[in-house]
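Structure first, then comments.
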Amino acid sequence: MNTTTILLVEDNPGDARLIRELFRDIQGRSFDIITAESFRQACDRLQERNVDLALVDLSLPDS
């Protein structure tokens, strides 16, 4: 089974937890979710590794 790597950029811990739970409930797929709490932190994460999908909160204070 291939693993899909997701960068989740969300500064609200409750929202991030809900999104992680949604992906955990998907059957037949494996997800590696990397988190960032700011736009700057997301850029750092992207320098460290490749991702298949980025989910970004568009109301981040530094974006």
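Naming works like this for the structure tokens: A, B, ... for the chains as they're shown, residue 1 at the start of each chain, ligands 1 onward in shown order.
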>> Among chain A, which ones does DSSP assign to alpha helix (DSSP H) (computed from the backbone)? Answer as a ChimeraX atom specification.
In response: /A:13-24,39-48
Selection from above, N, CA and C atoms, as a PDB file, in the first residue's frame, can you write it?
```
ATOM      1  N   PRO A  13      -5.346  24.062  16.828  1.00  0.00           N
ATOM      2  CA  PRO A  13      -5.129  22.652  17.176  1.00  0.00           C
ATOM      3  C   PRO A  13      -6.387  21.790  17.063  1.00  0.00           C
ATOM      4  N   GLY A  14      -7.544  22.343  17.381  1.00  0.00           N
ATOM      5  CA  GLY A  14      -8.792  21.580  17.275  1.00  0.00           C
ATOM      6  C   GLY A  14      -9.117  21.229  15.838  1.00  0.00           C
ATOM      7  N   ASP A  15      -8.948  22.190  14.942  1.00  0.00           N
ATOM      8  CA  ASP A  15      -9.197  21.933  13.518  1.00  0.00           C
ATOM      9  C   ASP A  15      -8.198  20.914  12.966  1.00  0.00           C
ATOM     10  N   ALA A  16      -6.938  21.043  13.366  1.00  0.00           N
ATOM     11  CA  ALA A  16      -5.917  20.099  12.900  1.00  0.00           C
ATOM     12  C   ALA A  16      -6.250  18.686  13.365  1.00  0.00           C
ATOM     13  N   ARG A  17      -6.706  18.553  14.605  1.00  0.00           N
ATOM     14  CA  ARG A  17      -7.067  17.234  15.140  1.00  0.00           C
ATOM     15  C   ARG A  17      -8.227  16.629  14.351  1.00  0.00           C
ATOM     16  N   LEU A  18      -9.237  17.425  14.042  1.00  0.00           N
ATOM     17  CA  LEU A  18     -10.389  16.925  13.273  1.00  0.00           C
ATOM     18  C   LEU A  18      -9.973  16.447  11.881  1.00  0.00           C
ATOM     19  N   ILE A  19      -9.117  17.193  11.240  1.00  0.00           N
ATOM     20  CA  ILE A  19      -8.662  16.814   9.899  1.00  0.00           C
ATOM     21  C   ILE A  19      -7.857  15.517   9.961  1.00  0.00           C
ATOM     22  N   ARG A  20      -6.988  15.385  10.972  1.00  0.00           N
ATOM     23  CA  ARG A  20      -6.221  14.153  11.133  1.00  0.00           C
ATOM     24  C   ARG A  20      -7.157  12.959  11.339  1.00  0.00           C
ATOM     25  N   GLU A  21      -8.197  13.142  12.134  1.00  0.00           N
ATOM     26  CA  GLU A  21      -9.166  12.066  12.379  1.00  0.00           C
ATOM     27  C   GLU A  21      -9.914  11.687  11.110  1.00  0.00           C
ATOM     28  N   LEU A  22     -10.259  12.664  10.281  1.00  0.00           N
ATOM     29  CA  LEU A  22     -10.933  12.364   9.017  1.00  0.00           C
ATOM     30  C   LEU A  22     -10.075  11.463   8.139  1.00  0.00           C
ATOM     31  N   PHE A  23      -8.790  11.755   8.045  1.00  0.00           N
ATOM     32  CA  PHE A  23      -7.901  10.932   7.228  1.00  0.00           C
ATOM     33  C   PHE A  23      -7.681   9.564   7.858  1.00  0.00           C
ATOM     34  N   ARG A  24      -7.685   9.479   9.170  1.00  0.00           N
ATOM     35  CA  ARG A  24      -7.516   8.192   9.857  1.00  0.00           C
ATOM     36  C   ARG A  24      -8.687   7.264   9.556  1.00  0.00           C
ATOM     37  N   PHE A  39       2.750  29.709   8.046  1.00  0.00           N
ATOM     38  CA  PHE A  39       3.211  29.659   6.661  1.00  0.00           C
ATOM     39  C   PHE A  39       4.725  29.440   6.628  1.00  0.00           C
ATOM     40  N   ARG A  40       5.442  30.127   7.494  1.00  0.00           N
ATOM     41  CA  ARG A  40       6.903  29.998   7.542  1.00  0.00           C
ATOM     42  C   ARG A  40       7.304  28.563   7.893  1.00  0.00           C
ATOM     43  N   GLN A  41       6.636  27.997   8.869  1.00  0.00           N
ATOM     44  CA  GLN A  41       6.932  26.620   9.270  1.00  0.00           C
ATOM     45  C   GLN A  41       6.617  25.652   8.123  1.00  0.00           C
ATOM     46  N   ALA A  42       5.563  25.933   7.375  1.00  0.00           N
ATOM     47  CA  ALA A  42       5.215  25.093   6.221  1.00  0.00           C
ATOM     48  C   ALA A  42       6.317  25.144   5.165  1.00  0.00           C
ATOM     49  N   CYS A  43       6.853  26.321   4.923  1.00  0.00           N
ATOM     50  CA  CYS A  43       7.961  26.447   3.961  1.00  0.00           C
ATOM     51  C   CYS A  43       9.166  25.639   4.415  1.00  0.00           C
ATOM     52  N   ASP A  44       9.445  25.664   5.723  1.00  0.00           N
ATOM     53  CA  ASP A  44      10.548  24.860   6.261  1.00  0.00           C
ATOM     54  C   ASP A  44      10.291  23.376   6.047  1.00  0.00           C
ATOM     55  N   ARG A  45       9.066  22.925   6.291  1.00  0.00           N
ATOM     56  CA  ARG A  45       8.726  21.510   6.108  1.00  0.00           C
ATOM     57  C   ARG A  45       8.914  21.091   4.649  1.00  0.00           C
ATOM     58  N   LEU A  46       8.543  21.982   3.723  1.00  0.00           N
ATOM     59  CA  LEU A  46       8.683  21.664   2.303  1.00  0.00           C
ATOM     60  C   LEU A  46      10.147  21.600   1.876  1.00  0.00           C
ATOM     61  N   GLN A  47      11.017  22.301   2.578  1.00  0.00           N
ATOM     62  CA  GLN A  47      12.457  22.216   2.305  1.00  0.00           C
ATOM     63  C   GLN A  47      13.002  20.859   2.758  1.00  0.00           C
ATOM     64  N   GLU A  48      12.375  20.291   3.803  1.00  0.00           N
ATOM     65  CA  GLU A  48      12.842  19.040   4.401  1.00  0.00           C
ATOM     66  C   GLU A  48      12.429  17.802   3.621  1.00  0.00           C
TER      67      GLU A  48
END
```
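Within the 10 Å cut-off around Asp57 of chain A, using only C-alpha atoms and omitting residues fewer than 5 positions from it on the same chain, the listed residues are Leu8, Val9, Glu10, Asp11, Asn12, Asp15, Ala16, Glu37, Ser38, Phe39 and Ser63 of chain A.
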What are the DSSP strand (DSSP E) residues of chain A, as a short mmCIF file (atom, residue, chain, number, x, y, z; two decimals) with N, CA and C atoms, in the first residue's frame?
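Produced file result.cif, reproduced below:
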```
data_model
loop_
_atom_site.label_atom_id
_atom_site.label_comp_id
_atom_site.auth_asym_id
_atom_site.auth_seq_id
_atom_site.Cartn_x
_atom_site.Cartn_y
_atom_site.Cartn_z
N THR A 3 1.82 5.12 0.62
CA THR A 3 1.49 6.12 1.62
C THR A 3 1.46 7.49 0.96
N THR A 4 0.40 8.25 1.21
CA THR A 4 0.26 9.61 0.72
C THR A 4 0.75 10.55 1.82
N THR A 5 1.71 11.40 1.48
CA THR A 5 2.24 12.35 2.44
C THR A 5 1.50 13.68 2.29
N ILE A 6 0.95 14.14 3.41
CA ILE A 6 0.14 15.36 3.43
C ILE A 6 0.80 16.38 4.36
N LEU A 7 0.92 17.61 3.89
CA LEU A 7 1.34 18.71 4.75
C LEU A 7 0.07 19.44 5.17
N LEU A 8 -0.20 19.43 6.46
CA LEU A 8 -1.37 20.10 7.02
C LEU A 8 -0.90 21.38 7.70
N VAL A 9 -1.30 22.52 7.15
CA VAL A 9 -0.90 23.82 7.69
C VAL A 9 -2.13 24.45 8.34
N SER A 30 -3.18 4.79 3.25
CA SER A 30 -2.27 5.13 4.32
C SER A 30 -1.80 6.57 4.14
N PHE A 31 -1.85 7.35 5.21
CA PHE A 31 -1.48 8.76 5.15
C PHE A 31 -0.41 9.07 6.18
N ASP A 32 0.58 9.81 5.76
CA ASP A 32 1.60 10.36 6.66
C ASP A 32 1.33 11.86 6.70
N ILE A 33 0.83 12.36 7.82
CA ILE A 33 0.45 13.77 7.93
C ILE A 33 1.51 14.53 8.70
N ILE A 34 2.10 15.50 8.02
CA ILE A 34 3.09 16.39 8.61
C ILE A 34 2.35 17.69 8.92
N THR A 35 2.60 18.25 10.09
CA THR A 35 1.88 19.47 10.46
C THR A 35 2.81 20.68 10.53
N ALA A 36 2.22 21.83 10.29
CA ALA A 36 2.88 23.12 10.48
C ALA A 36 1.81 24.07 11.00
N LEU A 53 0.37 16.28 -1.09
CA LEU A 53 -0.78 17.17 -0.96
C LEU A 53 -0.53 18.14 0.18
N ALA A 54 -0.92 19.40 -0.02
CA ALA A 54 -0.84 20.40 1.06
C ALA A 54 -2.24 20.94 1.32
N LEU A 55 -2.64 20.88 2.57
CA LEU A 55 -3.90 21.48 3.00
C LEU A 55 -3.54 22.69 3.83
N VAL A 56 -3.93 23.88 3.36
CA VAL A 56 -3.46 25.12 3.97
C VAL A 56 -4.63 25.97 4.44
#
```
